[in-house]
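To start, the structure under review is shown below, and the notes come after it.
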Amino acid sequence: MAPPKGGYAPDLDKFLDTLKSRPVDASVEFLISLLKRRQIRGPESCAIATAHVLLQVVARDKWTDVDQLIGRIQLVGRRLVAAQPHELVIGNIVKRVLGLIRDEAEEDRNETGNDSPTGAHPPLPPAIEATPVDRTIRPASLAALGSFARTQSMFNLLSDPDFVPSPGSTPRLGSGASTPQRHPQSTNVHALRSEVIDGIEEIMDEIRQVDEQVQAYAEIVIHPGDYILVHQPSRTVQKFLTRAASKRKFTVFLVVDPSATSTTDDPYAALRKSLTSGGSIVVNIMNVGLMAYMSKVNKVILGARAITRKGGVLVDAGAAVIARAAREQGRTVIVLGGVYKISPDSRSHYEDFVEWGDPSRYVNFADGTIVGKVRVRNAIAEFVPTELISTYITNL
């Protein structure tokens with residue numbers, strides 16, 4: 001009997017294909033179930049899925065004023081964050097959309113005030129008002145912004161000092177904007193809807209362009225003859241290495257999970273081929289043997305799942321010990337991650353960031369004695385504190 005064919009499990013692509021054919025509430029429930037079952041996982045996939053479902057809420061829900069829209073986005077955002085609290089990018093995208101809505105509503109009110117008839121006296125010059133520090137500014141597409149505007153976008157993303165979620169509660173998703181909660185009913189709903197939709201599409205374009213913008217720094221960071229150590233490299237890290245290998249030759253120590261070597265498919269076959277075709281050398285290292293190579297390493301490059309407000313980084317399990325070993329040896333630790341991964345979260349306990357997963361890759365029920373008497377925990381993600389990191393590279 002032939003084995004059943006795979007490919008029927010829902011994932012990000014299947015979720016996006018069903019968005020237009022499903023009601024908005026059904027799409028929200030579907031995404032919540034996919035997040036809980038980890039069928040959509042990883043920062044980029046979660047960010048794209050969150051932006052798409054919020055786009056559907058804005059475009060297809062019936063709302064008559066800004067307050068209704070903000071309340072709806074907050075409700076959906078809280079449910080998405082509660083479904084997968086370890087993916088900090090979900091809360092980041094929700095906060096950016098809330099800031100976008102408030103910013104557009106503020107612009108609409110200003111335009112409405114400017115259109116009012118003037119008297120016989122000439123209008124007085126507008127007073128100069130200080131912009132509140134915690135006001136979230138709508139970030140436009142990175143391709144259209146200069147370095148100063150992009151820096152402002154990242155600054156405002158991190159400027160909510162009151163955002164400290166407790167481990168047992170759902171994080172608050174207010175954007176920190178200083179606009180009042182009650183907006184005038186004169187807001188043009190059609191125009192606001194169009195502007196918010198355009199802004200969300202710009203956020204999605206920004207997410208898709210992260211890899212291309214980050215890899216532009218590869219030739220500056222990696223020098224000919226360098227020894228680079230990477231741990232289970234993400235797509236961003238892989239493209240970063242590939243870009244550098246197109247111009248120079250160096251050696252890559254590829255640290256992989258021992259359980260991944262037992263599978264038939266090599267997840268890094270394409271990376272290994274692209275590096276070796278340019279003359280670079282790739283050396284596979286198991287987690288248990290990496291200390292023997294650390295003395296030869298020049299730089300350690302890690303991909304970030306999320307970057308907290310204080311500079312700590314959420315990474316794949318196993319990368320924290322590498323960062324600590326590199327610090328002890330005086331090696332440079334470089335973290336790659338897009339701006340959308342920078343989170344205002346600043347939990348005081350590192351253990352809250354650790355995500356635990358299925359340990360069946362390391363022990364199964366065939367080992368009856370172990371399964372019955374030993375509790376096996378398998379970390380999927382862990383936290384690297386700020387003091388272990390030398391450099392951050394983003395798409396700013």
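Residues are referred to by chain and number: the chain letter is A, B, ... according to the order shown in the structure tokens, the number counts from 1 in that chain, and ligands are numbered separately from 1 in the order shown.
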
Exercise for review: Determine, counting only C-alpha atoms, which protein, DNA and RNA residues have an atom within 12 Å of an atom of Leu55 in chain A; residues of the same chain fewer than 3 positions away are not included. Present the result as a ChimeraX atom specification.
Suggested key: /A:16,19-20,24,27-28,48-52,58-61,69,72-73,76,93-94,97-98,101,193-204

Mind checking which residues fall within 9 Å of Val252 in chain A, counting only C-alpha atoms, ignoring those fewer than 5 positions away in the same chain, and posting them as an mmCIF file with all heavy atoms, in the first residue's frame?
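out-v9.cif, written as the output of this step:
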```cif
data_model
loop_
_atom_site.group_PDB
_atom_site.id
_atom_site.type_symbol
_atom_site.label_atom_id
_atom_site.label_comp_id
_atom_site.auth_asym_id
_atom_site.auth_seq_id
_atom_site.Cartn_x
_atom_site.Cartn_y
_atom_site.Cartn_z
ATOM 1 N N ASP A 226 38.023 34.963 6.484
ATOM 2 C CA ASP A 226 37.377 34.893 7.791
ATOM 3 C C ASP A 226 36.877 33.482 8.093
ATOM 4 O O ASP A 226 36.575 32.694 7.188
ATOM 5 C CB ASP A 226 36.196 35.863 7.863
ATOM 6 C CG ASP A 226 36.619 37.260 8.289
ATOM 7 O OD1 ASP A 226 37.795 37.429 8.649
ATOM 8 O OD2 ASP A 226 35.771 38.168 8.269
ATOM 9 N N TYR A 227 36.775 33.190 9.380
ATOM 10 C CA TYR A 227 36.147 31.960 9.858
ATOM 11 C C TYR A 227 34.849 32.379 10.561
ATOM 12 O O TYR A 227 34.873 32.979 11.634
ATOM 13 C CB TYR A 227 37.065 31.209 10.816
ATOM 14 C CG TYR A 227 38.249 30.563 10.133
ATOM 15 C CD1 TYR A 227 39.418 31.285 9.877
ATOM 16 C CD2 TYR A 227 38.209 29.234 9.725
ATOM 17 C CE1 TYR A 227 40.494 30.714 9.239
ATOM 18 C CE2 TYR A 227 39.288 28.642 9.088
ATOM 19 C CZ TYR A 227 40.429 29.383 8.854
ATOM 20 O OH TYR A 227 41.504 28.803 8.222
ATOM 21 N N ILE A 228 33.725 32.036 9.947
ATOM 22 C CA ILE A 228 32.409 32.456 10.412
ATOM 23 C C ILE A 228 31.681 31.247 10.990
ATOM 24 O O ILE A 228 31.613 30.192 10.355
ATOM 25 C CB ILE A 228 31.571 33.066 9.274
ATOM 26 C CG1 ILE A 228 32.361 34.161 8.554
ATOM 27 C CG2 ILE A 228 30.251 33.598 9.795
ATOM 28 C CD1 ILE A 228 32.717 35.336 9.412
ATOM 29 N N LEU A 229 31.126 31.406 12.178
ATOM 30 C CA LEU A 229 30.329 30.339 12.786
ATOM 31 C C LEU A 229 28.864 30.759 12.813
ATOM 32 O O LEU A 229 28.537 31.858 13.272
ATOM 33 C CB LEU A 229 30.812 30.044 14.208
ATOM 34 C CG LEU A 229 30.202 28.805 14.882
ATOM 35 C CD1 LEU A 229 31.239 28.095 15.746
ATOM 36 C CD2 LEU A 229 28.984 29.173 15.735
ATOM 37 N N VAL A 230 27.994 29.897 12.291
ATOM 38 C CA VAL A 230 26.552 30.152 12.281
ATOM 39 C C VAL A 230 25.844 28.950 12.908
ATOM 40 O O VAL A 230 26.319 27.816 12.819
ATOM 41 C CB VAL A 230 26.022 30.402 10.856
ATOM 42 C CG1 VAL A 230 26.632 31.667 10.274
ATOM 43 C CG2 VAL A 230 26.297 29.214 9.944
ATOM 44 N N LEU A 241 25.226 35.214 4.032
ATOM 45 C CA LEU A 241 26.439 34.466 3.702
ATOM 46 C C LEU A 241 26.606 34.301 2.190
ATOM 47 O O LEU A 241 27.722 34.418 1.667
ATOM 48 C CB LEU A 241 26.396 33.099 4.383
ATOM 49 C CG LEU A 241 26.405 33.087 5.916
ATOM 50 C CD1 LEU A 241 26.200 31.661 6.431
ATOM 51 C CD2 LEU A 241 27.696 33.675 6.460
ATOM 52 N N LEU A 275 27.676 28.310 -1.312
ATOM 53 C CA LEU A 275 28.940 28.753 -0.724
ATOM 54 C C LEU A 275 30.127 28.066 -1.385
ATOM 55 O O LEU A 275 31.136 28.703 -1.719
ATOM 56 C CB LEU A 275 28.940 28.485 0.782
ATOM 57 C CG LEU A 275 27.942 29.299 1.629
ATOM 58 C CD1 LEU A 275 28.060 28.911 3.094
ATOM 59 C CD2 LEU A 275 28.166 30.796 1.454
ATOM 60 N N SER A 280 34.218 29.077 -1.208
ATOM 61 C CA SER A 280 34.233 29.068 0.252
ATOM 62 C C SER A 280 34.136 27.639 0.773
ATOM 63 O O SER A 280 33.727 26.721 0.055
ATOM 64 C CB SER A 280 33.075 29.903 0.805
ATOM 65 O OG SER A 280 33.218 31.266 0.443
ATOM 66 N N ILE A 281 34.497 27.452 2.027
ATOM 67 C CA ILE A 281 34.516 26.130 2.649
ATOM 68 C C ILE A 281 33.432 26.071 3.719
ATOM 69 O O ILE A 281 33.248 27.018 4.493
ATOM 70 C CB ILE A 281 35.890 25.835 3.276
ATOM 71 C CG1 ILE A 281 36.991 25.907 2.203
ATOM 72 C CG2 ILE A 281 35.902 24.477 3.965
ATOM 73 C CD1 ILE A 281 38.390 25.800 2.760
ATOM 74 N N VAL A 282 32.706 24.959 3.752
ATOM 75 C CA VAL A 282 31.662 24.748 4.752
ATOM 76 C C VAL A 282 32.019 23.513 5.573
ATOM 77 O O VAL A 282 32.261 22.437 5.013
ATOM 78 C CB VAL A 282 30.271 24.568 4.109
ATOM 79 C CG1 VAL A 282 29.204 24.348 5.187
ATOM 80 C CG2 VAL A 282 29.911 25.776 3.250
ATOM 81 N N VAL A 283 32.062 23.667 6.893
ATOM 82 C CA VAL A 283 32.386 22.574 7.804
ATOM 83 C C VAL A 283 31.204 22.361 8.736
ATOM 84 O O VAL A 283 30.781 23.288 9.442
ATOM 85 C CB VAL A 283 33.657 22.882 8.631
ATOM 86 C CG1 VAL A 283 33.971 21.723 9.587
ATOM 87 C CG2 VAL A 283 34.836 23.158 7.705
ATOM 88 N N ASN A 284 30.657 21.148 8.725
ATOM 89 C CA ASN A 284 29.546 20.826 9.625
ATOM 90 C C ASN A 284 30.072 20.525 11.021
ATOM 91 O O ASN A 284 31.059 19.784 11.177
ATOM 92 C CB ASN A 284 28.768 19.622 9.109
ATOM 93 C CG ASN A 284 27.863 19.982 7.952
ATOM 94 O OD1 ASN A 284 27.648 21.155 7.659
ATOM 95 N ND2 ASN A 284 27.318 18.972 7.297
#
```

Extract, using only C-alpha atoms, all DNA, RNA and protein residues at most 9 Å from Ala320 in chain A, discarding same-chain residues fewer than 2 positions from it, and format them as a PDB file with N, CA, C and O atoms, in the first residue's frame.
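File selection_18.pdb, as written:
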```pdb
ATOM      1  N   VAL A 315      16.462  33.580  20.227  1.00  0.00           N
ATOM      2  CA  VAL A 315      17.133  32.821  19.169  1.00  0.00           C
ATOM      3  C   VAL A 315      16.714  31.364  19.248  1.00  0.00           C
ATOM      4  O   VAL A 315      16.063  30.933  20.203  1.00  0.00           O
ATOM      5  N   ASP A 316      17.104  30.595  18.228  1.00  0.00           N
ATOM      6  CA  ASP A 316      16.870  29.159  18.255  1.00  0.00           C
ATOM      7  C   ASP A 316      17.678  28.518  19.375  1.00  0.00           C
ATOM      8  O   ASP A 316      18.786  28.961  19.698  1.00  0.00           O
ATOM      9  N   ALA A 317      17.125  27.481  19.966  1.00  0.00           N
ATOM     10  CA  ALA A 317      17.784  26.806  21.074  1.00  0.00           C
ATOM     11  C   ALA A 317      19.156  26.294  20.646  1.00  0.00           C
ATOM     12  O   ALA A 317      19.309  25.709  19.567  1.00  0.00           O
ATOM     13  N   GLY A 318      20.139  26.526  21.488  1.00  0.00           N
ATOM     14  CA  GLY A 318      21.512  26.140  21.204  1.00  0.00           C
ATOM     15  C   GLY A 318      22.405  27.314  20.878  1.00  0.00           C
ATOM     16  O   GLY A 318      23.625  27.224  20.995  1.00  0.00           O
ATOM     17  N   ILE A 322      26.505  29.209  22.387  1.00  0.00           N
ATOM     18  CA  ILE A 322      27.497  29.663  21.413  1.00  0.00           C
ATOM     19  C   ILE A 322      27.868  31.122  21.672  1.00  0.00           C
ATOM     20  O   ILE A 322      29.050  31.494  21.649  1.00  0.00           O
ATOM     21  N   ALA A 323      26.870  31.952  21.931  1.00  0.00           N
ATOM     22  CA  ALA A 323      27.144  33.363  22.211  1.00  0.00           C
ATOM     23  C   ALA A 323      27.973  33.525  23.483  1.00  0.00           C
ATOM     24  O   ALA A 323      28.887  34.349  23.549  1.00  0.00           O
ATOM     25  N   ARG A 324      27.683  32.721  24.492  1.00  0.00           N
ATOM     26  CA  ARG A 324      28.452  32.808  25.736  1.00  0.00           C
ATOM     27  C   ARG A 324      29.884  32.334  25.527  1.00  0.00           C
ATOM     28  O   ARG A 324      30.842  32.938  26.046  1.00  0.00           O
ATOM     29  N   ALA A 325      30.067  31.256  24.760  1.00  0.00           N
ATOM     30  CA  ALA A 325      31.414  30.772  24.480  1.00  0.00           C
ATOM     31  C   ALA A 325      32.208  31.786  23.664  1.00  0.00           C
ATOM     32  O   ALA A 325      33.402  31.996  23.903  1.00  0.00           O
ATOM     33  N   GLU A 382      15.404  30.185  22.932  1.00  0.00           N
ATOM     34  CA  GLU A 382      15.971  30.629  24.194  1.00  0.00           C
ATOM     35  C   GLU A 382      16.441  32.069  24.066  1.00  0.00           C
ATOM     36  O   GLU A 382      16.428  32.644  22.968  1.00  0.00           O
ATOM     37  N   PHE A 383      16.883  32.641  25.177  1.00  0.00           N
ATOM     38  CA  PHE A 383      17.178  34.065  25.249  1.00  0.00           C
ATOM     39  C   PHE A 383      18.673  34.304  25.377  1.00  0.00           C
ATOM     40  O   PHE A 383      19.357  33.624  26.149  1.00  0.00           O
ATOM     41  N   VAL A 384      19.180  35.266  24.614  1.00  0.00           N
ATOM     42  CA  VAL A 384      20.574  35.691  24.702  1.00  0.00           C
ATOM     43  C   VAL A 384      20.590  37.104  25.280  1.00  0.00           C
ATOM     44  O   VAL A 384      20.038  38.027  24.672  1.00  0.00           O
ATOM     45  N   PRO A 385      21.193  37.314  26.452  1.00  0.00           N
ATOM     46  CA  PRO A 385      21.187  38.652  27.060  1.00  0.00           C
ATOM     47  C   PRO A 385      22.026  39.647  26.265  1.00  0.00           C
ATOM     48  O   PRO A 385      22.884  39.284  25.457  1.00  0.00           O
ATOM     49  N   LEU A 388      26.057  39.748  25.803  1.00  0.00           N
ATOM     50  CA  LEU A 388      26.755  38.756  24.982  1.00  0.00           C
ATOM     51  C   LEU A 388      26.790  39.133  23.503  1.00  0.00           C
ATOM     52  O   LEU A 388      27.403  38.422  22.703  1.00  0.00           O
TER      53      LEU A 388
END
```

Point to revise | Separation of CA of Thr386 in chain A from CA of Ala304 in chain A, in Å and rounded to one decimal | key: 12.6 Å

Check your understanding: At what distance in Å, to one decimal, does CA of Phe15 in chain A lie from CA of Ser360 in chain A?
Key ->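 These atoms are spaced 27.4 Å apart.
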
**Study point:** Residue with smallest distance to Ile207 in chain A - pool A:Ser21, A:Ser33, A:Ser45, A:Ser234, counting only C-alpha atoms
**Key:** A:Ser45

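CA of Asp205 in chain A is positioned 25.2 Å from CA of Ile220 in chain A.
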
Check your understanding: If you count only C-alpha atoms, which residues fall within 9 Å of Ser274 in chain A, apart from same-chain ones fewer than 3 positions away, as a PyMOL selection string?
Key -> chain A and resi 242+245-246+269-271+277-278+280

Exercise for review: Can you check which residues of range 235-317 of chain A DSSP gives as alpha helix (DSSP H) on the backbone and send them as a ChimeraX atom specification?
Suggested key: /A:235-245,269-277

Could you please take those selected residues and save N, CA, C and O atoms as a short mmCIF file (atom, residue, chain, number, x, y, z; two decimals), in the first residue's frame?
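Final output, selection_31.cif:
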```
data_model
loop_
_atom_site.label_atom_id
_atom_site.label_comp_id
_atom_site.auth_asym_id
_atom_site.auth_seq_id
_atom_site.Cartn_x
_atom_site.Cartn_y
_atom_site.Cartn_z
N ARG A 235 16.81 32.08 7.02
CA ARG A 235 16.92 32.50 5.62
C ARG A 235 17.68 33.82 5.50
O ARG A 235 18.44 34.02 4.55
N THR A 236 17.49 34.70 6.47
CA THR A 236 18.22 35.97 6.45
C THR A 236 19.71 35.74 6.55
O THR A 236 20.50 36.34 5.81
N VAL A 237 20.14 34.86 7.45
CA VAL A 237 21.56 34.56 7.61
C VAL A 237 22.10 33.86 6.37
O VAL A 237 23.22 34.14 5.93
N GLN A 238 21.33 32.95 5.80
CA GLN A 238 21.78 32.24 4.61
C GLN A 238 22.01 33.20 3.44
O GLN A 238 23.02 33.11 2.73
N LYS A 239 21.10 34.13 3.24
CA LYS A 239 21.28 35.10 2.14
C LYS A 239 22.44 36.04 2.44
O LYS A 239 23.14 36.48 1.51
N PHE A 240 22.66 36.35 3.70
CA PHE A 240 23.78 37.18 4.10
C PHE A 240 25.10 36.49 3.73
O PHE A 240 26.01 37.12 3.15
N LEU A 241 25.23 35.21 4.03
CA LEU A 241 26.44 34.47 3.70
C LEU A 241 26.61 34.30 2.19
O LEU A 241 27.72 34.42 1.67
N THR A 242 25.50 34.03 1.51
CA THR A 242 25.57 33.84 0.07
C THR A 242 26.04 35.11 -0.63
O THR A 242 26.83 35.06 -1.58
N ARG A 243 25.55 36.26 -0.17
CA ARG A 243 25.97 37.54 -0.77
C ARG A 243 27.47 37.76 -0.57
O ARG A 243 28.18 38.18 -1.50
N ALA A 244 27.97 37.46 0.62
CA ALA A 244 29.40 37.64 0.87
C ALA A 244 30.23 36.65 0.05
O ALA A 244 31.31 37.00 -0.46
N ALA A 245 29.74 35.41 -0.10
CA ALA A 245 30.49 34.39 -0.85
C ALA A 245 30.57 34.69 -2.33
O ALA A 245 31.44 34.14 -3.03
N ALA A 269 21.25 22.22 2.26
CA ALA A 269 21.93 21.76 1.04
C ALA A 269 22.12 22.91 0.06
O ALA A 269 23.19 23.06 -0.55
N ALA A 270 21.10 23.76 -0.10
CA ALA A 270 21.21 24.88 -1.04
C ALA A 270 22.26 25.88 -0.56
O ALA A 270 23.04 26.41 -1.37
N LEU A 271 22.33 26.14 0.73
CA LEU A 271 23.34 27.05 1.26
C LEU A 271 24.73 26.49 1.04
O LEU A 271 25.64 27.21 0.60
N ARG A 272 24.91 25.22 1.33
CA ARG A 272 26.23 24.60 1.16
C ARG A 272 26.67 24.65 -0.30
O ARG A 272 27.84 24.92 -0.61
N LYS A 273 25.74 24.43 -1.22
CA LYS A 273 26.07 24.45 -2.63
C LYS A 273 26.46 25.85 -3.09
O LYS A 273 27.43 26.03 -3.84
N SER A 274 25.69 26.87 -2.65
CA SER A 274 25.98 28.23 -3.08
C SER A 274 27.31 28.74 -2.52
O SER A 274 28.02 29.49 -3.19
N LEU A 275 27.68 28.31 -1.31
CA LEU A 275 28.94 28.75 -0.72
C LEU A 275 30.13 28.07 -1.39
O LEU A 275 31.14 28.70 -1.72
N THR A 276 30.04 26.76 -1.56
CA THR A 276 31.17 26.02 -2.13
C THR A 276 31.38 26.34 -3.61
O THR A 276 32.50 26.26 -4.11
N SER A 277 30.30 26.72 -4.31
CA SER A 277 30.46 27.05 -5.72
C SER A 277 31.31 28.30 -5.92
O SER A 277 31.95 28.47 -6.96
#
```
